[in-house]
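Enquirer: Handing over upload.cif, mmCIF, C-alpha atoms.
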data_upload
loop_
_atom_site.label_atom_id
_atom_site.label_comp_id
_atom_site.auth_asym_id
_atom_site.auth_seq_id
_atom_site.Cartn_x
_atom_site.Cartn_y
_atom_site.Cartn_z
CA MET A 1 0.00 0.00 0.00
CA ALA A 2 1.14 3.56 -0.55
CA SER A 3 -0.02 7.14 -0.40
CA LEU A 4 -1.50 8.70 -3.55
CA ILE A 5 0.68 11.75 -2.80
CA ASN A 6 4.33 11.00 -3.57
CA LEU A 7 6.61 13.12 -1.38
CA ALA A 8 9.86 11.42 -2.39
CA ALA A 9 11.20 14.51 -4.18
CA LEU A 10 10.59 16.83 -1.20
CA THR A 11 13.12 17.45 1.55
CA LEU A 12 11.06 17.30 4.73
CA ASN A 13 12.31 19.53 7.51
CA PRO A 14 10.85 22.12 9.91
CA GLN A 15 10.93 24.82 7.19
CA GLU A 16 8.80 23.32 4.40
CA ALA A 17 5.55 24.99 3.38
CA LEU A 18 2.86 24.79 6.05
CA ASN A 19 -0.13 26.06 4.09
CA THR A 20 -1.71 24.98 0.83
CA SER A 21 -1.52 28.58 -0.39
CA GLU A 22 2.28 28.40 -0.25
CA ALA A 23 2.46 25.38 -2.56
CA VAL A 24 2.45 25.27 -6.34
CA PHE A 25 0.36 22.47 -7.80
CA GLU A 26 0.55 21.25 -11.38
CA LYS A 27 -2.36 22.89 -13.17
CA LEU A 28 -5.27 20.69 -14.16
CA TYR A 29 -5.91 20.52 -17.88
CA SER A 30 -8.88 22.41 -19.24
CA LYS A 31 -11.56 19.97 -20.33
CA GLU A 32 -13.55 22.37 -22.50
CA ALA A 33 -12.92 20.04 -25.44
CA LEU A 34 -15.38 17.59 -23.94
CA SER A 35 -18.27 20.05 -24.21
CA GLN A 36 -17.03 22.16 -27.14
CA GLY A 37 -16.12 19.29 -29.46
CA HIS A 38 -18.89 16.81 -28.68
CA THR A 39 -22.52 16.56 -27.73
CA VAL A 40 -23.24 14.07 -24.94
CA ALA A 41 -26.10 11.59 -25.35
CA THR A 42 -27.30 10.14 -22.04
CA GLY A 43 -29.43 7.15 -21.18
CA ILE A 44 -27.49 5.06 -23.69
CA LYS A 45 -27.53 1.28 -23.23
CA MET A 46 -25.78 -1.54 -25.08
CA GLN A 47 -26.95 -1.95 -28.68
CA THR A 48 -29.14 1.17 -28.61
CA GLN A 49 -30.04 1.82 -32.23
CA ILE A 50 -29.18 5.02 -34.10
CA PRO A 51 -31.43 5.09 -37.21
CA PHE A 52 -30.70 7.18 -40.31
CA TYR A 53 -33.31 8.00 -42.96
CA GLY A 54 -32.34 9.07 -46.45
CA LYS A 55 -34.10 11.61 -48.65
CA PHE A 56 -36.45 10.77 -51.50
CA GLY A 57 -34.82 10.39 -54.90
CA ILE A 58 -35.63 12.53 -57.92
CA ILE A 59 -39.34 13.26 -58.41
CA GLY A 60 -41.48 15.64 -60.48
CA LYS A 61 -42.14 15.20 -64.22
CA LYS A 62 -44.36 17.00 -66.69
CA SER A 63 -48.03 16.11 -66.34
CA LEU A 64 -49.22 13.28 -68.57
CA GLY A 65 -52.56 15.07 -69.16
CA SER A 66 -56.05 13.56 -69.21
CA CYS A 67 -56.05 13.36 -65.38
CA ASN A 68 -53.11 10.94 -65.41
CA VAL A 69 -50.75 11.65 -62.49
CA ASN A 70 -47.13 10.60 -62.62
CA ALA A 71 -46.65 7.70 -60.18
CA GLU A 72 -43.30 7.63 -58.35
CA THR A 73 -41.64 4.70 -56.58
CA VAL A 74 -39.19 6.59 -54.39
CA ALA A 75 -38.60 5.67 -50.76
CA SER A 76 -36.56 6.92 -47.83
CA ILE A 77 -33.81 4.32 -47.44
CA ALA A 78 -33.08 3.62 -43.79
CA SER A 79 -29.71 2.66 -42.33
CA GLN A 80 -28.43 2.27 -38.80
CA LYS A 81 -25.58 2.29 -36.35
CA TYR A 82 -25.53 1.05 -32.77
CA TRP A 83 -24.24 2.45 -29.52
CA THR A 84 -21.92 -0.10 -27.90
CA PRO A 85 -20.88 1.60 -24.63
CA GLN A 86 -18.24 -0.14 -22.54
CA LEU A 87 -17.88 0.00 -18.77
CA ILE A 88 -14.70 1.81 -17.72
CA ASN A 89 -13.58 1.73 -14.10
CA PHE A 90 -10.61 2.15 -11.82
CA ARG A 91 -9.78 2.19 -8.11
CA LEU A 92 -7.26 4.42 -6.35
CA SER A 93 -5.98 3.57 -2.86
CA HIS A 94 -4.37 5.89 -0.35
CA CYS A 95 -2.68 4.96 2.95
CA GLN A 96 -2.66 7.97 5.24
CA GLU A 97 0.07 6.41 7.40
CA ASP A 98 2.44 6.77 4.46
CA MET A 99 2.14 10.54 4.70
CA ASP A 100 5.38 11.53 6.43
CA GLN A 101 4.74 13.12 9.84
CA LEU A 102 7.30 15.81 9.02
CA PHE A 103 5.09 17.01 6.15
CA LYS A 104 3.27 19.97 7.71
CA MET A 105 0.80 20.89 4.98
CA TRP A 106 -1.45 17.87 5.46
CA GLN A 107 -0.61 16.17 8.74
CA ARG A 108 -1.60 12.77 10.04
CA SER A 109 -3.79 12.58 13.10
CA ALA A 110 -2.13 12.95 16.49
CA ASP A 111 -4.48 10.25 17.77
CA ALA A 112 -2.73 6.90 17.18
CA LEU A 113 -5.98 5.01 16.58
CA LYS A 114 -7.00 7.56 13.95
CA THR A 115 -3.64 7.51 12.14
CA TRP A 116 -5.16 5.72 9.14
CA GLU A 117 -8.72 7.05 9.13
CA GLU A 118 -8.48 10.80 9.65
CA ILE A 119 -7.54 12.82 6.60
CA ASP A 120 -7.18 16.59 6.30
CA ASN A 121 -10.09 18.27 4.46
CA ALA A 122 -7.74 20.22 2.19
CA GLU A 123 -5.88 17.02 1.35
CA LEU A 124 -9.18 15.26 0.62
CA ALA A 125 -10.29 18.10 -1.68
CA PHE A 126 -6.95 17.95 -3.49
CA LEU A 127 -7.28 14.20 -4.11
CA SER A 128 -10.88 14.70 -5.28
CA ASP A 129 -9.83 17.34 -7.82
CA LEU A 130 -7.10 15.06 -9.16
CA THR A 131 -9.58 12.19 -9.49
CA VAL A 132 -12.13 14.24 -11.45
CA ASP A 133 -9.40 15.59 -13.73
CA ALA A 134 -7.98 12.11 -14.35
CA THR A 135 -11.46 10.79 -15.13
CA LEU A 136 -12.18 13.48 -17.71
CA GLU A 137 -8.72 13.01 -19.21
CA SER A 138 -9.44 9.29 -19.61
CA ILE A 139 -12.73 10.09 -21.38
CA LEU A 140 -10.93 12.35 -23.86
CA ARG A 141 -8.26 9.70 -24.50
CA ILE A 142 -10.73 6.86 -24.99
CA THR A 143 -13.25 8.73 -27.16
CA SER A 144 -10.59 10.16 -29.47
CA PHE A 145 -7.96 7.41 -29.59
CA GLY A 146 -9.72 4.20 -28.60
CA ASP A 147 -8.72 1.35 -30.92
CA THR A 148 -9.96 -2.19 -30.37
CA GLY A 149 -7.00 -3.47 -32.39
CA ALA A 150 -4.34 -1.30 -30.75
CA LEU A 151 -0.81 -2.70 -30.61
CA ASN A 152 2.50 -1.44 -29.29
CA ILE A 153 5.21 -0.30 -31.70
CA ALA A 154 7.04 -3.64 -31.39
CA GLY A 155 3.88 -5.47 -32.42
CA GLY A 156 3.37 -3.37 -35.53
CA GLY A 157 1.00 -0.84 -33.98
CA HIS A 158 1.33 2.79 -32.96
CA ILE A 159 1.13 2.71 -29.15
CA THR A 160 4.31 3.84 -27.41
CA ALA A 161 6.54 1.08 -26.07
CA GLY A 162 5.79 0.31 -22.44
CA ILE A 163 2.20 1.62 -22.54
CA ASN A 164 -0.42 -1.03 -21.80
CA VAL A 165 -2.70 -1.27 -24.87
CA LEU A 166 -5.65 -2.11 -22.60
CA TYR A 167 -5.93 1.63 -21.99
CA PHE A 168 -7.08 1.90 -25.64
CA THR A 169 -8.80 -1.31 -26.71
CA MET A 170 -12.25 -0.78 -25.14
CA ILE A 171 -13.96 0.99 -28.07
CA GLU A 172 -13.29 2.35 -31.54
CA GLY A 173 -12.59 6.02 -30.93
CA LEU A 174 -13.33 8.95 -33.20
CA TRP A 175 -10.04 8.80 -35.11
CA GLU A 176 -10.29 5.07 -35.83
CA GLN A 177 -13.78 5.68 -37.24
CA ILE A 178 -12.38 8.53 -39.34
CA PHE A 179 -9.59 6.32 -40.72
CA THR A 180 -12.20 3.72 -41.69
CA GLY A 181 -14.31 6.34 -43.48
CA VAL A 182 -11.31 7.74 -45.35
CA ALA A 183 -10.30 4.24 -46.47
CA ALA A 184 -13.84 3.64 -47.71
CA LEU A 185 -13.74 6.99 -49.60
CA THR A 186 -16.78 8.25 -47.67
CA ILE A 187 -14.81 10.96 -45.88
CA PRO A 188 -12.64 13.40 -47.87
CA ARG A 189 -9.08 13.89 -46.62
CA TYR A 190 -6.43 16.55 -46.98
CA THR A 191 -2.96 15.02 -46.52
CA ILE A 192 -0.59 16.85 -44.19
CA ASN A 193 2.75 15.85 -45.70
CA GLU A 194 4.79 16.73 -42.63
CA ASN A 195 3.07 13.94 -40.66
CA ALA A 196 5.17 11.48 -42.67
CA GLY A 197 8.41 13.08 -41.49
CA ALA A 198 11.06 10.62 -40.33
CA ASN A 199 11.71 12.44 -37.04
CA TYR A 200 10.26 15.04 -34.67
CA VAL A 201 12.12 17.91 -36.33
CA ALA A 202 10.83 17.06 -39.81
CA GLN A 203 7.29 16.63 -38.50
CA ASN A 204 7.33 19.97 -36.69
CA ASN A 205 8.69 21.81 -39.73
CA LEU A 206 5.20 22.67 -41.00
CA ALA A 207 4.82 24.75 -44.14
CA ALA A 208 3.96 28.30 -43.17
CA ASP A 209 0.49 28.02 -44.71
CA ARG A 210 -0.24 24.37 -43.80
CA ALA A 211 -3.20 25.10 -41.51
CA LEU A 212 -4.66 27.54 -44.05
CA LEU A 213 -4.39 25.00 -46.87
CA ALA A 214 -5.93 22.31 -44.68
CA MET A 215 -8.90 24.46 -43.64
CA ARG A 216 -9.45 25.63 -47.20
CA SER A 217 -9.34 22.08 -48.54
CA LEU A 218 -11.78 20.77 -45.93
CA PHE A 219 -14.18 23.66 -46.62
CA ASN A 220 -14.06 23.01 -50.35
CA GLN A 221 -14.38 19.22 -50.10
CA ILE A 222 -17.10 18.82 -47.49
CA ASP A 223 -20.68 18.24 -48.63
CA VAL A 224 -22.58 21.50 -49.12
CA ARG A 225 -25.23 20.23 -46.68
CA ALA A 226 -22.64 20.28 -43.91
CA ARG A 227 -21.63 23.86 -44.68
CA SER A 228 -25.19 25.02 -44.12
CA SER A 229 -25.77 23.00 -40.94
CA ALA A 230 -25.79 24.38 -37.42
CA GLY A 231 -22.80 23.79 -35.18
CA LEU A 232 -20.23 23.38 -37.94
CA VAL A 233 -16.73 23.76 -36.44
CA TYR A 234 -13.09 23.14 -37.20
CA GLN A 235 -11.34 21.04 -34.56
CA MET A 236 -7.57 20.90 -34.77
CA THR A 237 -4.44 20.06 -32.85
CA ASP A 238 -2.70 22.91 -31.09
CA SER A 239 0.21 22.43 -33.52
CA LEU A 240 -2.00 23.44 -36.47
CA PHE A 241 -3.65 26.25 -34.53
CA LYS A 242 -0.25 27.81 -33.76
CA ASN A 243 0.67 27.43 -37.41
CA TRP A 244 -2.51 29.33 -38.32
CA LEU A 245 -1.78 32.14 -35.85
CA SER A 246 1.78 32.51 -37.14
CA TYR A 247 0.47 32.70 -40.70
CA LEU A 248 -1.94 35.48 -39.71
CA GLU A 249 0.83 37.42 -38.03
CA ASP A 250 3.22 37.00 -40.94
CA LYS A 251 0.62 38.07 -43.49
CA SER A 252 -0.83 40.85 -41.32
CA LEU A 253 -4.33 39.59 -42.01
CA ALA A 254 -7.25 40.50 -39.74
CA TYR A 255 -5.42 39.24 -36.68
CA THR A 256 -7.76 39.77 -33.75
CA LEU A 257 -6.51 37.41 -31.08
CA ASP A 258 -5.91 40.24 -28.63
CA ARG A 259 -9.29 41.86 -29.17
CA THR A 260 -11.60 41.18 -26.27
CA GLU A 261 -15.33 41.38 -25.97
CA LYS A 262 -16.93 41.37 -22.53
CA GLY A 263 -13.69 40.21 -20.98
CA LYS A 264 -13.26 37.12 -23.17
CA VAL A 265 -10.89 36.47 -26.03
CA THR A 266 -12.70 36.61 -29.36
CA GLN A 267 -13.43 33.20 -30.90
CA MET A 268 -11.05 32.51 -33.76
CA SER A 269 -12.68 31.38 -37.00
CA TYR A 270 -12.04 30.69 -40.67
CA ARG A 271 -14.65 31.73 -43.24
CA GLY A 272 -17.00 32.33 -40.34
CA ILE A 273 -16.60 28.79 -38.98
CA PRO A 274 -15.38 28.63 -35.34
CA ILE A 275 -12.07 26.95 -34.52
CA ILE A 276 -11.81 24.62 -31.53
CA VAL A 277 -8.28 23.81 -30.37
CA ARG A 278 -7.97 20.17 -29.29
CA ASP A 279 -4.81 20.34 -27.22
CA ASP A 280 -5.92 17.04 -25.67
CA TRP A 281 -5.14 15.46 -29.06
CA ASP A 282 -1.59 16.87 -28.87
CA ARG A 283 -1.16 15.59 -25.30
CA ASN A 284 -2.31 12.07 -26.08
CA ILE A 285 -0.32 11.78 -29.30
CA LEU A 286 2.82 13.00 -27.54
CA SER A 287 2.32 10.65 -24.58
CA TYR A 288 1.02 7.49 -26.23
CA LEU A 289 1.68 7.54 -29.99
CA ASP A 290 5.46 7.96 -30.04
CA THR A 291 7.71 5.57 -31.97
CA GLY A 292 10.81 6.87 -30.22
CA ALA A 293 11.84 8.79 -33.34
CA ALA A 294 8.59 10.36 -34.53
CA LEU A 295 4.92 10.74 -33.59
CA TYR A 296 1.96 9.01 -35.25
CA LEU A 297 0.09 11.68 -37.24
CA PRO A 298 0.76 14.59 -34.82
CA HIS A 299 -1.10 17.20 -36.90
CA ARG A 300 -4.84 16.58 -37.27
CA MET A 301 -8.00 18.50 -38.13
CA THR A 302 -11.71 17.84 -38.64
CA LEU A 303 -14.55 19.89 -40.09
CA SER A 304 -17.97 18.70 -38.99
CA PRO A 305 -20.99 19.76 -36.92
CA ILE A 306 -20.45 19.17 -33.21
CA ASN A 307 -23.52 16.94 -32.99
CA ASN A 308 -21.97 14.61 -35.59
CA PHE A 309 -19.44 13.40 -32.96
CA PRO A 310 -21.66 12.51 -29.98
CA ILE A 311 -20.35 10.80 -26.86
CA GLY A 312 -22.79 8.25 -25.45
CA THR A 313 -23.12 7.31 -21.79
CA SER A 314 -25.78 5.92 -19.48
CA ASP A 315 -25.49 8.87 -17.09
CA GLU A 316 -23.35 11.97 -17.66
CA SER A 317 -23.04 12.56 -13.90
CA ASN A 318 -20.68 9.55 -13.77
CA PHE A 319 -18.09 11.70 -15.53
CA ASN A 320 -17.45 13.71 -12.37
CA GLU A 321 -18.85 11.54 -9.56
CA PHE A 322 -16.98 8.85 -7.65
CA ASP A 323 -17.22 6.71 -4.54
CA MET A 324 -14.66 7.58 -1.85
CA PHE A 325 -14.60 5.47 1.31
CA TYR A 326 -12.39 4.23 4.15
CA ASP A 327 -11.94 0.51 4.85
CA LYS A 328 -11.13 -0.40 8.47
CA THR A 329 -9.72 -3.80 7.51
CA THR A 330 -7.07 -2.61 5.07
CA LYS A 331 -6.70 0.84 6.74
CA ASN A 332 -6.85 2.44 3.30
CA HIS A 333 -8.90 5.21 1.72
CA TYR A 334 -10.32 4.05 -1.62
CA THR A 335 -11.73 5.97 -4.57
CA ASP A 336 -13.81 4.03 -7.08
CA VAL A 337 -14.70 5.52 -10.48
CA ALA A 338 -16.94 3.91 -13.11
CA TYR A 339 -18.70 5.13 -16.25
CA TYR A 340 -20.09 3.81 -19.52
CA ILE A 341 -18.68 5.37 -22.68
CA ASP A 342 -18.95 5.24 -26.44
CA VAL A 343 -18.45 7.72 -29.29
CA LYS A 344 -19.88 7.79 -32.78
CA LEU A 345 -19.07 9.47 -36.04
CA LEU A 346 -22.65 9.57 -37.27
CA GLU A 347 -22.68 10.75 -40.90
CA GLU A 348 -19.53 10.53 -42.98
CA TYR A 349 -20.72 12.98 -45.66
CA MET A 350 -20.96 15.66 -42.95
CA THR A 351 -17.23 15.33 -42.22
CA ALA A 352 -13.93 16.27 -43.84
CA VAL A 353 -10.54 15.65 -42.24
CA ALA A 354 -6.85 16.46 -42.48
CA TYR A 355 -3.97 14.40 -41.15
#
What's the structure tokens form of this structure?

Expert:
Amino acid sequence: MASLINLAALTLNPQEALNTSEAVFEKLYSKEALSQGHTVATGIKMQTQIPFYGKFGIIGKKSLGSCNVNAETVASIASQKYWTPQLINFRLSHCQEDMDQLFKMWQRSADALKTWEEIDNAELAFLSDLTVDATLESILRITSFGDTGALNIAGGGHITAGINVLYFTMIEGLWEQIFTGVAALTIPRYTINENAGANYVAQNNLAADRALLAMRSLFNQIDVRARSSAGLVYQMTDSLFKNWLSYLEDKSLAYTLDRTEKGKVTQMSYRGIPIIVRDDWDRNILSYLDTGAALYLPHRMTLSPINNFPIGTSDESNFNEFDMFYDKTTKNHYTDVAYYIDVKLLEEYMTAVAY
């Protein structure tokens, strides 16, 4: 057993920080991508059907006269997909006795019998925040990069050596569904040549106008019905977004990043379509899709309505709720987290991608 707070790198003595306000904690990642880049469908159960209904075919011919009406045989052709949510869970254990008594910020109880059970409220809140953040980070990883056939580099796959592939094999994530659509020629793709670079330097040496060309290509290739739909957005890695900002600066185009309205930074857009920066894609690619010499497709972009990439779950509250309890037998504090999750790319013709 061990504490969830690793103090090994701290020198504990009478002078270390005594108050939480004196400490610097690693900042939690912003999880806006979960709400900005996806809609969340709740009440989803295994094999819940998602029906699609096509439009009527061509109709309307010149009248035949003499009260004869042109008979048509069109029909709305139905198709379907299914939600297949998987149960994700994990347990964290914390032994309060392993908190060094010299550590003043969150001290163990002075009562010997309560050494294991009593935990400082500030310490408990800190552990709770870390748990919620880790849960949301896992949702972003699974829904974007889940791959039921994932393999490590040595096995011919793309998962970084040493990373357990079971962190990815629960569902087919958004990008695996995109790759399938591109291979089937149902999703148009703009190829980002630098992704094929042999090393990190070559991959990061993006053409000055790469993001511009990618956005322009996706706009021109996507079905016109998508361009007129509500909620159409570009979603892109931070690497492409920075490339876009540098291009604007270099060309002195209507660069309005510093302009604020009602205290908030103005939403960046291209041809009136909002841009959502998916820095969680960058984080996961850097952490888990690294060959040791290069990254697997580090620069990525999608153009699609937000509601075309829904996340499905039985109960959205499970994303930030957990069960925290103390067990007298093991003398440990436990945190249990569980949620059902799936993601769907609904209509391929409403999507265009770059990678």

Enquirer: Env of Ser246 in chain A: 10 Å cut, atoms = only C-alpha atoms, seq-sep filter 4 positions within chain, self excluded. Answer as a list in words.

Expert: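 In the requested form, the answer reads Ala208, Asp209, Ala211, Leu240, Phe241, Lys242, Asp250, Lys251, Ser252 and Tyr255 of chain A.
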
Enquirer: Print the selection's residues with C-alpha atoms to a file, as a compact mmCIF listing (two decimals), keeping the file's coordinate frame.

Expert:
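Final output, selection.txt:
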# COMPACT_ATOMS: atom_id res chain seq x y z
CA ALA A 208 3.96 28.30 -43.17
CA ASP A 209 0.49 28.02 -44.71
CA ALA A 211 -3.20 25.10 -41.51
CA LEU A 240 -2.00 23.44 -36.47
CA PHE A 241 -3.65 26.25 -34.53
CA LYS A 242 -0.25 27.81 -33.76
CA ASP A 250 3.22 37.00 -40.94
CA LYS A 251 0.62 38.07 -43.49
CA SER A 252 -0.83 40.85 -41.32
CA TYR A 255 -5.42 39.24 -36.68

Enquirer: Counting all atoms listed in the file, select every polymer residue within 12 Å of (-25.3, 18.7, -47.3) as defined in the file's coordinates, and provide the selection as a list in words.

Expert: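 Within 12 Å of (-25.3, 18.7, -47.3), the protein and nucleic acid residues are Gly54, Lys55, Gln221, Ile222, Asp223, Val224, Arg225, Ala226, Arg227, Ser228, Ser229, Ala230, Leu232, Ser304, Pro305, Glu347, Glu348, Tyr349, Met350 and Thr351 of chain A.
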
Enquirer: Here is a test: counting only C-alpha atoms, which residue of A:Thr313, A:Thr160, A:Gly173, A:Leu248 is nearest to Thr148 in chain A?

Expert: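 So, comparing all the options, the nearest one is A:Gly173.
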
Enquirer: Need the shell around Thr302 in chain A: protein/DNA/RNA residues with any atom at most 7 Å away, counting all atoms listed in the file. Skip same-chain ones fewer than 5 positions apart. Format as a list in words?

Expert: Tyr234, Gln235, Met236, Ala352, Val353 and Ala354 of chain A

Enquirer: Would you put the residues from that selection into a file with C-alpha atoms, as an mmCIF file, keeping the file's coordinate frame?

Expert:
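Once everything was written out, this is out_28.cif:
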data_model
loop_
_atom_site.group_PDB
_atom_site.id
_atom_site.type_symbol
_atom_site.label_atom_id
_atom_site.label_comp_id
_atom_site.auth_asym_id
_atom_site.auth_seq_id
_atom_site.Cartn_x
_atom_site.Cartn_y
_atom_site.Cartn_z
ATOM 1 C CA TYR A 234 -13.090 23.140 -37.200
ATOM 2 C CA GLN A 235 -11.340 21.040 -34.560
ATOM 3 C CA MET A 236 -7.570 20.900 -34.770
ATOM 4 C CA ALA A 352 -13.930 16.270 -43.840
ATOM 5 C CA VAL A 353 -10.540 15.650 -42.240
ATOM 6 C CA ALA A 354 -6.850 16.460 -42.480
#

Enquirer: Given all atoms listed in the file as the basis, pick out the residue of A:Ile142, A:Ile187, A:Cys95, A:Leu151 nearest to Glu118 in chain A.

Expert: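 Smallest distance to Glu118 in chain A is found for A:Cys95.
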
Enquirer: Of the candidates A:Ser138, A:Asn164, A:Thr330, A:Ser128, which one gets nearest to Phe90 in chain A if we count only C-alpha atoms?

Expert: A:Ser138

Enquirer: Interatomic distance between CA of Leu185 in chain A and CA of Gln36 in chain A?

Expert: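 CA of Gln36 in chain A lies 27.3 Å from CA of Leu185 in chain A.
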
Enquirer: Considering all atoms listed in the file, state which residue in the set A:Pro298, A:Gly231, A:Gly181, A:Pro310 is at the smallest distance from Gly272 in chain A.

Expert: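 Result for the nearest residue to Gly272 in chain A: A:Gly231.
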
Enquirer: Using all atoms listed in the file for the distances, tell me which of A:Thr135, A:Thr186, A:Asn332, A:Asn121 is nearest to Ser93 in chain A.

Expert: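 Closest candidate: A:Asn332.
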
Enquirer: Would you list the contacts of Tyr355 in chain A as a PDB file with C-alpha atoms, in the coordinates of the input, taking every protein, DNA or RNA residue within 6 Å and counting all atoms listed in the file, but skipping same-chain residues closer than 5 positions in sequence?

Expert:
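Okay, selection-v7.pdb is ready:
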ATOM      1  CA  THR A 191      -2.960  15.020 -46.520  1.00  0.00           C
ATOM      2  CA  ILE A 192      -0.590  16.850 -44.190  1.00  0.00           C
ATOM      3  CA  HIS A 299      -1.100  17.200 -36.900  1.00  0.00           C
ATOM      4  CA  ARG A 300      -4.840  16.580 -37.270  1.00  0.00           C
TER       5      ARG A 300
END

Enquirer: What's the separation between CA of Tyr296 in chain A and CA of Phe168 in chain A, in Å to one decimal place?

Expert: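 Pair CA of Tyr296 in chain A / CA of Phe168 in chain A returns 15.0 Å.
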
Enquirer: Find, counting all atoms listed in the file, the residue in A:Ala214, A:Leu87, A:Ala183, A:Leu286 that gets nearest to Ile139 in chain A.

Expert: A:Leu87
